[in-house]
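Undergrad: Next comes query-v1.cif, mmCIF, N, CA and C atoms:
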data_run
loop_
_atom_site.group_PDB
_atom_site.id
_atom_site.type_symbol
_atom_site.label_atom_id
_atom_site.label_comp_id
_atom_site.auth_asym_id
_atom_site.auth_seq_id
_atom_site.Cartn_x
_atom_site.Cartn_y
_atom_site.Cartn_z
ATOM 1 N N MET A 1 -14.379 7.272 1.685
ATOM 2 C CA MET A 1 -13.981 7.805 0.402
ATOM 3 C C MET A 1 -14.918 8.952 0.055
ATOM 4 N N LYS A 2 -14.352 10.010 -0.477
ATOM 5 C CA LYS A 2 -15.141 11.141 -0.957
ATOM 6 C C LYS A 2 -14.910 11.277 -2.455
ATOM 7 N N VAL A 3 -15.953 11.623 -3.165
ATOM 8 C CA VAL A 3 -15.824 11.937 -4.581
ATOM 9 C C VAL A 3 -16.216 13.398 -4.740
ATOM 10 N N LYS A 4 -15.261 14.221 -5.186
ATOM 11 C CA LYS A 4 -15.526 15.651 -5.315
ATOM 12 C C LYS A 4 -15.782 16.069 -6.754
ATOM 13 N N SER A 5 -15.340 15.280 -7.685
ATOM 14 C CA SER A 5 -15.618 15.557 -9.092
ATOM 15 C C SER A 5 -15.506 14.254 -9.846
ATOM 16 N N ILE A 6 -15.788 14.271 -11.102
ATOM 17 C CA ILE A 6 -15.729 13.057 -11.901
ATOM 18 C C ILE A 6 -14.297 12.561 -12.058
ATOM 19 N N LYS A 7 -13.305 13.422 -11.795
ATOM 20 C CA LYS A 7 -11.911 13.066 -12.001
ATOM 21 C C LYS A 7 -11.145 12.799 -10.711
ATOM 22 N N SER A 8 -11.745 13.023 -9.565
ATOM 23 C CA SER A 8 -11.002 12.909 -8.311
ATOM 24 C C SER A 8 -11.764 12.101 -7.270
ATOM 25 N N ILE A 9 -11.027 11.214 -6.588
ATOM 26 C CA ILE A 9 -11.560 10.560 -5.393
ATOM 27 C C ILE A 9 -10.547 10.791 -4.283
ATOM 28 N N TYR A 10 -11.011 10.801 -3.071
ATOM 29 C CA TYR A 10 -10.156 11.038 -1.912
ATOM 30 C C TYR A 10 -10.274 9.864 -0.968
ATOM 31 N N LEU A 11 -9.169 9.156 -0.760
ATOM 32 C CA LEU A 11 -9.140 8.014 0.141
ATOM 33 C C LEU A 11 -8.433 8.385 1.429
ATOM 34 N N SER A 12 -8.967 7.920 2.540
ATOM 35 C CA SER A 12 -8.267 8.099 3.807
ATOM 36 C C SER A 12 -7.087 7.140 3.840
ATOM 37 N N GLU A 13 -6.191 7.327 4.784
ATOM 38 C CA GLU A 13 -5.056 6.408 4.924
ATOM 39 C C GLU A 13 -5.551 4.987 5.188
ATOM 40 N N LYS A 14 -6.582 4.847 6.014
ATOM 41 C CA LYS A 14 -7.122 3.516 6.319
ATOM 42 C C LYS A 14 -7.699 2.868 5.068
ATOM 43 N N GLU A 15 -8.442 3.623 4.266
ATOM 44 C CA GLU A 15 -9.019 3.063 3.043
ATOM 45 C C GLU A 15 -7.928 2.626 2.068
ATOM 46 N N LEU A 16 -6.878 3.418 1.950
ATOM 47 C CA LEU A 16 -5.778 3.076 1.055
ATOM 48 C C LEU A 16 -5.046 1.826 1.554
ATOM 49 N N LYS A 17 -4.787 1.777 2.854
ATOM 50 C CA LYS A 17 -4.117 0.613 3.435
ATOM 51 C C LYS A 17 -4.960 -0.645 3.247
ATOM 52 N N ASP A 18 -6.278 -0.548 3.467
ATOM 53 C CA ASP A 18 -7.176 -1.691 3.267
ATOM 54 C C ASP A 18 -7.165 -2.155 1.812
ATOM 55 N N ALA A 19 -7.165 -1.217 0.879
ATOM 56 C CA ALA A 19 -7.157 -1.560 -0.542
ATOM 57 C C ALA A 19 -5.858 -2.275 -0.921
ATOM 58 N N ILE A 20 -4.737 -1.803 -0.395
ATOM 59 C CA ILE A 20 -3.452 -2.448 -0.676
ATOM 60 C C ILE A 20 -3.435 -3.857 -0.089
ATOM 61 N N CYS A 21 -3.949 -4.022 1.127
ATOM 62 C CA CYS A 21 -4.005 -5.353 1.745
ATOM 63 C C CYS A 21 -4.856 -6.304 0.911
ATOM 64 N N LYS A 22 -6.007 -5.845 0.439
ATOM 65 C CA LYS A 22 -6.864 -6.696 -0.392
ATOM 66 C C LYS A 22 -6.153 -7.089 -1.679
ATOM 67 N N TRP A 23 -5.403 -6.168 -2.283
ATOM 68 C CA TRP A 23 -4.659 -6.463 -3.504
ATOM 69 C C TRP A 23 -3.586 -7.512 -3.222
ATOM 70 N N LEU A 24 -2.875 -7.354 -2.094
ATOM 71 C CA LEU A 24 -1.838 -8.320 -1.729
ATOM 72 C C LEU A 24 -2.425 -9.710 -1.517
ATOM 73 N N TYR A 25 -3.551 -9.799 -0.798
ATOM 74 C CA TYR A 25 -4.211 -11.096 -0.598
ATOM 75 C C TYR A 25 -4.605 -11.703 -1.941
ATOM 76 N N ALA A 26 -5.181 -10.903 -2.828
ATOM 77 C CA ALA A 26 -5.646 -11.397 -4.121
ATOM 78 C C ALA A 26 -4.501 -11.891 -5.004
ATOM 79 N N HIS A 27 -3.297 -11.376 -4.752
ATOM 80 C CA HIS A 27 -2.144 -11.760 -5.559
ATOM 81 C C HIS A 27 -1.198 -12.714 -4.822
ATOM 82 N N GLY A 28 -1.718 -13.371 -3.780
ATOM 83 C CA GLY A 28 -0.970 -14.417 -3.100
ATOM 84 C C GLY A 28 0.124 -13.947 -2.161
ATOM 85 N N ARG A 29 0.148 -12.682 -1.821
ATOM 86 C CA ARG A 29 1.177 -12.152 -0.923
ATOM 87 C C ARG A 29 0.617 -12.071 0.497
ATOM 88 N N ILE A 30 0.183 -13.227 1.014
ATOM 89 C CA ILE A 30 -0.524 -13.318 2.299
ATOM 90 C C ILE A 30 0.317 -12.789 3.454
ATOM 91 N N GLY A 31 1.579 -13.218 3.538
ATOM 92 C CA GLY A 31 2.448 -12.785 4.637
ATOM 93 C C GLY A 31 2.635 -11.276 4.659
ATOM 94 N N LEU A 32 2.851 -10.691 3.495
ATOM 95 C CA LEU A 32 3.044 -9.242 3.425
ATOM 96 C C LEU A 32 1.749 -8.508 3.758
ATOM 97 N N ALA A 33 0.610 -9.044 3.326
ATOM 98 C CA ALA A 33 -0.684 -8.434 3.646
ATOM 99 C C ALA A 33 -0.928 -8.441 5.152
ATOM 100 N N LYS A 34 -0.651 -9.578 5.799
ATOM 101 C CA LYS A 34 -0.845 -9.664 7.252
ATOM 102 C C LYS A 34 0.104 -8.719 7.990
ATOM 103 N N HIS A 35 1.332 -8.602 7.494
ATOM 104 C CA HIS A 35 2.296 -7.689 8.110
ATOM 105 C C HIS A 35 1.803 -6.248 8.010
ATOM 106 N N LEU A 36 1.320 -5.864 6.836
ATOM 107 C CA LEU A 36 0.814 -4.502 6.654
ATOM 108 C C LEU A 36 -0.386 -4.245 7.545
ATOM 109 N N GLU A 37 -1.287 -5.218 7.660
ATOM 110 C CA GLU A 37 -2.465 -5.060 8.524
ATOM 111 C C GLU A 37 -2.075 -4.846 9.982
ATOM 112 N N SER A 38 -1.000 -5.482 10.414
ATOM 113 C CA SER A 38 -0.607 -5.479 11.831
ATOM 114 C C SER A 38 0.310 -4.326 12.218
ATOM 115 N N ASN A 39 0.797 -3.563 11.251
ATOM 116 C CA ASN A 39 1.784 -2.524 11.546
ATOM 117 C C ASN A 39 1.370 -1.171 10.992
ATOM 118 N N LEU A 40 1.910 -0.147 11.613
ATOM 119 C CA LEU A 40 1.697 1.210 11.121
ATOM 120 C C LEU A 40 2.471 1.383 9.825
ATOM 121 N N CYS A 41 2.039 2.327 9.013
ATOM 122 C CA CYS A 41 2.771 2.598 7.786
ATOM 123 C C CYS A 41 2.637 4.079 7.432
ATOM 124 N N GLU A 42 3.498 4.509 6.546
ATOM 125 C CA GLU A 42 3.470 5.871 6.022
ATOM 126 C C GLU A 42 3.474 5.790 4.507
ATOM 127 N N PHE A 43 2.789 6.731 3.883
ATOM 128 C CA PHE A 43 2.738 6.801 2.432
ATOM 129 C C PHE A 43 3.496 8.040 1.966
ATOM 130 N N GLU A 44 4.245 7.892 0.898
ATOM 131 C CA GLU A 44 4.922 9.041 0.316
ATOM 132 C C GLU A 44 5.196 8.748 -1.156
ATOM 133 N N TRP A 45 5.375 9.783 -1.926
ATOM 134 C CA TRP A 45 5.708 9.606 -3.336
ATOM 135 C C TRP A 45 7.199 9.430 -3.485
ATOM 136 N N SER A 46 7.586 8.444 -4.274
ATOM 137 C CA SER A 46 8.990 8.168 -4.556
ATOM 138 C C SER A 46 9.225 8.482 -6.032
ATOM 139 N N HIS A 47 10.220 9.305 -6.290
ATOM 140 C CA HIS A 47 10.531 9.706 -7.656
ATOM 141 C C HIS A 47 11.764 8.936 -8.114
ATOM 142 N N GLU A 48 11.541 7.957 -8.970
ATOM 143 C CA GLU A 48 12.608 7.100 -9.468
ATOM 144 C C GLU A 48 12.929 7.469 -10.906
ATOM 145 N N TYR A 49 14.019 6.910 -11.417
ATOM 146 C CA TYR A 49 14.430 7.196 -12.792
ATOM 147 C C TYR A 49 13.399 6.740 -13.818
ATOM 148 N N ASP A 50 12.594 5.714 -13.477
ATOM 149 C CA ASP A 50 11.625 5.187 -14.443
ATOM 150 C C ASP A 50 10.185 5.589 -14.136
ATOM 151 N N GLY A 51 9.988 6.544 -13.246
ATOM 152 C CA GLY A 51 8.644 7.034 -12.963
ATOM 153 C C GLY A 51 8.427 7.350 -11.498
ATOM 154 N N ASP A 52 7.227 7.793 -11.195
ATOM 155 C CA ASP A 52 6.836 8.117 -9.829
ATOM 156 C C ASP A 52 6.022 6.963 -9.263
ATOM 157 N N TYR A 53 6.265 6.651 -7.987
ATOM 158 C CA TYR A 53 5.593 5.534 -7.324
ATOM 159 C C TYR A 53 5.120 5.963 -5.950
ATOM 160 N N LEU A 54 3.999 5.388 -5.519
ATOM 161 C CA LEU A 54 3.549 5.570 -4.147
ATOM 162 C C LEU A 54 4.297 4.560 -3.294
ATOM 163 N N ALA A 55 5.097 5.029 -2.363
ATOM 164 C CA ALA A 55 5.868 4.152 -1.482
ATOM 165 C C ALA A 55 5.092 3.952 -0.181
ATOM 166 N N VAL A 56 5.031 2.709 0.279
ATOM 167 C CA VAL A 56 4.391 2.368 1.547
ATOM 168 C C VAL A 56 5.494 1.869 2.466
ATOM 169 N N ASP A 57 5.863 2.691 3.441
ATOM 170 C CA ASP A 57 6.899 2.329 4.403
ATOM 171 C C ASP A 57 6.231 1.733 5.636
ATOM 172 N N MET A 58 6.507 0.438 5.902
ATOM 173 C CA MET A 58 5.869 -0.268 7.008
ATOM 174 C C MET A 58 6.802 -0.390 8.201
ATOM 175 N N ASP A 59 6.227 -0.303 9.379
ATOM 176 C CA ASP A 59 6.980 -0.550 10.601
ATOM 177 C C ASP A 59 7.262 -2.039 10.720
ATOM 178 N N GLY A 60 8.242 -2.356 11.541
ATOM 179 C CA GLY A 60 8.549 -3.751 11.819
ATOM 180 C C GLY A 60 9.413 -4.357 10.733
ATOM 181 N N THR A 61 9.764 -5.605 10.951
ATOM 182 C CA THR A 61 10.605 -6.352 10.013
ATOM 183 C C THR A 61 9.777 -7.445 9.375
ATOM 184 N N PHE A 62 9.857 -7.524 8.078
ATOM 185 C CA PHE A 62 9.132 -8.553 7.340
ATOM 186 C C PHE A 62 10.134 -9.420 6.606
ATOM 187 N N GLU A 63 10.084 -10.714 6.856
ATOM 188 C CA GLU A 63 10.949 -11.659 6.154
ATOM 189 C C GLU A 63 10.058 -12.594 5.357
ATOM 190 N N GLU A 64 10.236 -12.575 4.050
ATOM 191 C CA GLU A 64 9.418 -13.397 3.182
ATOM 192 C C GLU A 64 10.108 -14.741 2.946
ATOM 193 N N ASN A 65 9.349 -15.813 3.045
ATOM 194 C CA ASN A 65 9.886 -17.147 2.752
ATOM 195 C C ASN A 65 9.969 -17.323 1.249
ATOM 196 N N GLU A 66 11.121 -17.725 0.790
ATOM 197 C CA GLU A 66 11.291 -17.986 -0.633
ATOM 198 C C GLU A 66 10.867 -19.415 -0.904
ATOM 199 N N GLU A 67 10.085 -19.625 -1.943
ATOM 200 C CA GLU A 67 9.606 -20.979 -2.268
ATOM 201 C C GLU A 67 10.241 -21.456 -3.536
#
Could you express the structure from this file as structure tokens?

TA:
Amino acid sequence: MKVKSIKSIYLSEKELKDAICKWLYAHGRIGLAKHLESNLCEFEWSHEYDGDYLAVDMDGTFEENEE
């Protein structure tokens, strides 16, 4: 991570992916976190009717068990 000013930080793709995985683990989404760790992914901005979102497109197929 680089900090260039008080208002900006720069994360590498690996740092961002690691942060998302940690968030998923912390929120009980273990299967999805493991899938993200094991597969390549791409990041892009998605512009939806209700706002802008960072989209994480993961390789492979993930099937979540419904409880």

Undergrad: In Å, rounded to a single decimal, give me how far atom C of Leu16 (chain A) is from atom N of Glu42 (chain A).

TA: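 Computing the Euclidean distance for atom N of Glu42 (chain A) and atom C of Leu16 (chain A) yields 10.3 Å.
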
Undergrad: Residues picked by the PyMOL selection byres (((chain A and resi 44 and name CA) around 10) and name CA) here, as a count of residues only?

TA: 10

Undergrad: Which residues, written as a VMD selection string, have at least one atom at most 6 Å from Asp59 (chain A), with all atoms listed in the file counted and residues fewer than 5 positions away on the same chain left out?

TA: chain A and resid 39 to 41

Undergrad: So that I have them on file, write out the residues from the current selection with N, CA and C atoms, as a PDB file, keeping the file's coordinate frame.

TA:
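Saved result, result-v7.pdb, follows:
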ATOM      1  N   ASN A  39       0.797  -3.563  11.251  1.00  0.00           N
ATOM      2  CA  ASN A  39       1.784  -2.524  11.546  1.00  0.00           C
ATOM      3  C   ASN A  39       1.370  -1.171  10.992  1.00  0.00           C
ATOM      4  N   LEU A  40       1.910  -0.147  11.613  1.00  0.00           N
ATOM      5  CA  LEU A  40       1.697   1.210  11.121  1.00  0.00           C
ATOM      6  C   LEU A  40       2.471   1.383   9.825  1.00  0.00           C
ATOM      7  N   CYS A  41       2.039   2.327   9.013  1.00  0.00           N
ATOM      8  CA  CYS A  41       2.771   2.598   7.786  1.00  0.00           C
ATOM      9  C   CYS A  41       2.637   4.079   7.432  1.00  0.00           C
TER      10      CYS A  41
END

Undergrad: For region 40-55 of chain A, I'd like the enclosing box, axis-aligned and padded by 3 Å on every side, reported as lines of an AutoDock Vina configuration file with centre and edge lengths in Å to one decimal.

TA:
center_x = 8.1
center_y = 4.8
center_z = -1.4
size_x = 18.7
size_y = 15.9
size_z = 32.1

Undergrad: To one decimal place, how far is CA of Lys2 (chain A) from atom C of Trp23 (chain A) in Å?

TA: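 CA of Lys2 (chain A) sits 22.1 Å away from atom C of Trp23 (chain A).
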
Undergrad: Might you spell out which residues the PyMOL selection byres ((chain A and resi 20-22) around 7) would select in the displayed file, as a list of chain:residue names?

TA: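 With the PyMOL selection byres ((chain A and resi 20-22) around 7) on this model, the match is A:Glu15, A:Leu16, A:Lys17, A:Asp18, A:Ala19, A:Trp23, A:Leu24, A:Tyr25, A:Ala26, A:His27, A:Leu32, A:Ala33, A:Lys34, A:Leu36, A:Glu37.
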
Undergrad: For the atom pair atom C of Ile30 (chain A) and atom N of Ile9 (chain A), what is the interatomic distance in Å to one decimal place?

TA: 28.4 Å

Undergrad: Taking the DSSP secondary structure from the backbone, can you list the residues of region 10-67 of chain A that are strand (DSSP E), as a PyMOL selection string?

TA: chain A and resi 10+41-48+51-58

Undergrad: Identify which of the residues A:Glu13, A:Thr61, A:Gly51, A:Lys4 lies closest to Gly31 (chain A), counting only C-alpha atoms when measuring atom-to-atom distances.

TA: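 With only C-alpha atoms as the atom set, the closest residue is A:Thr61.
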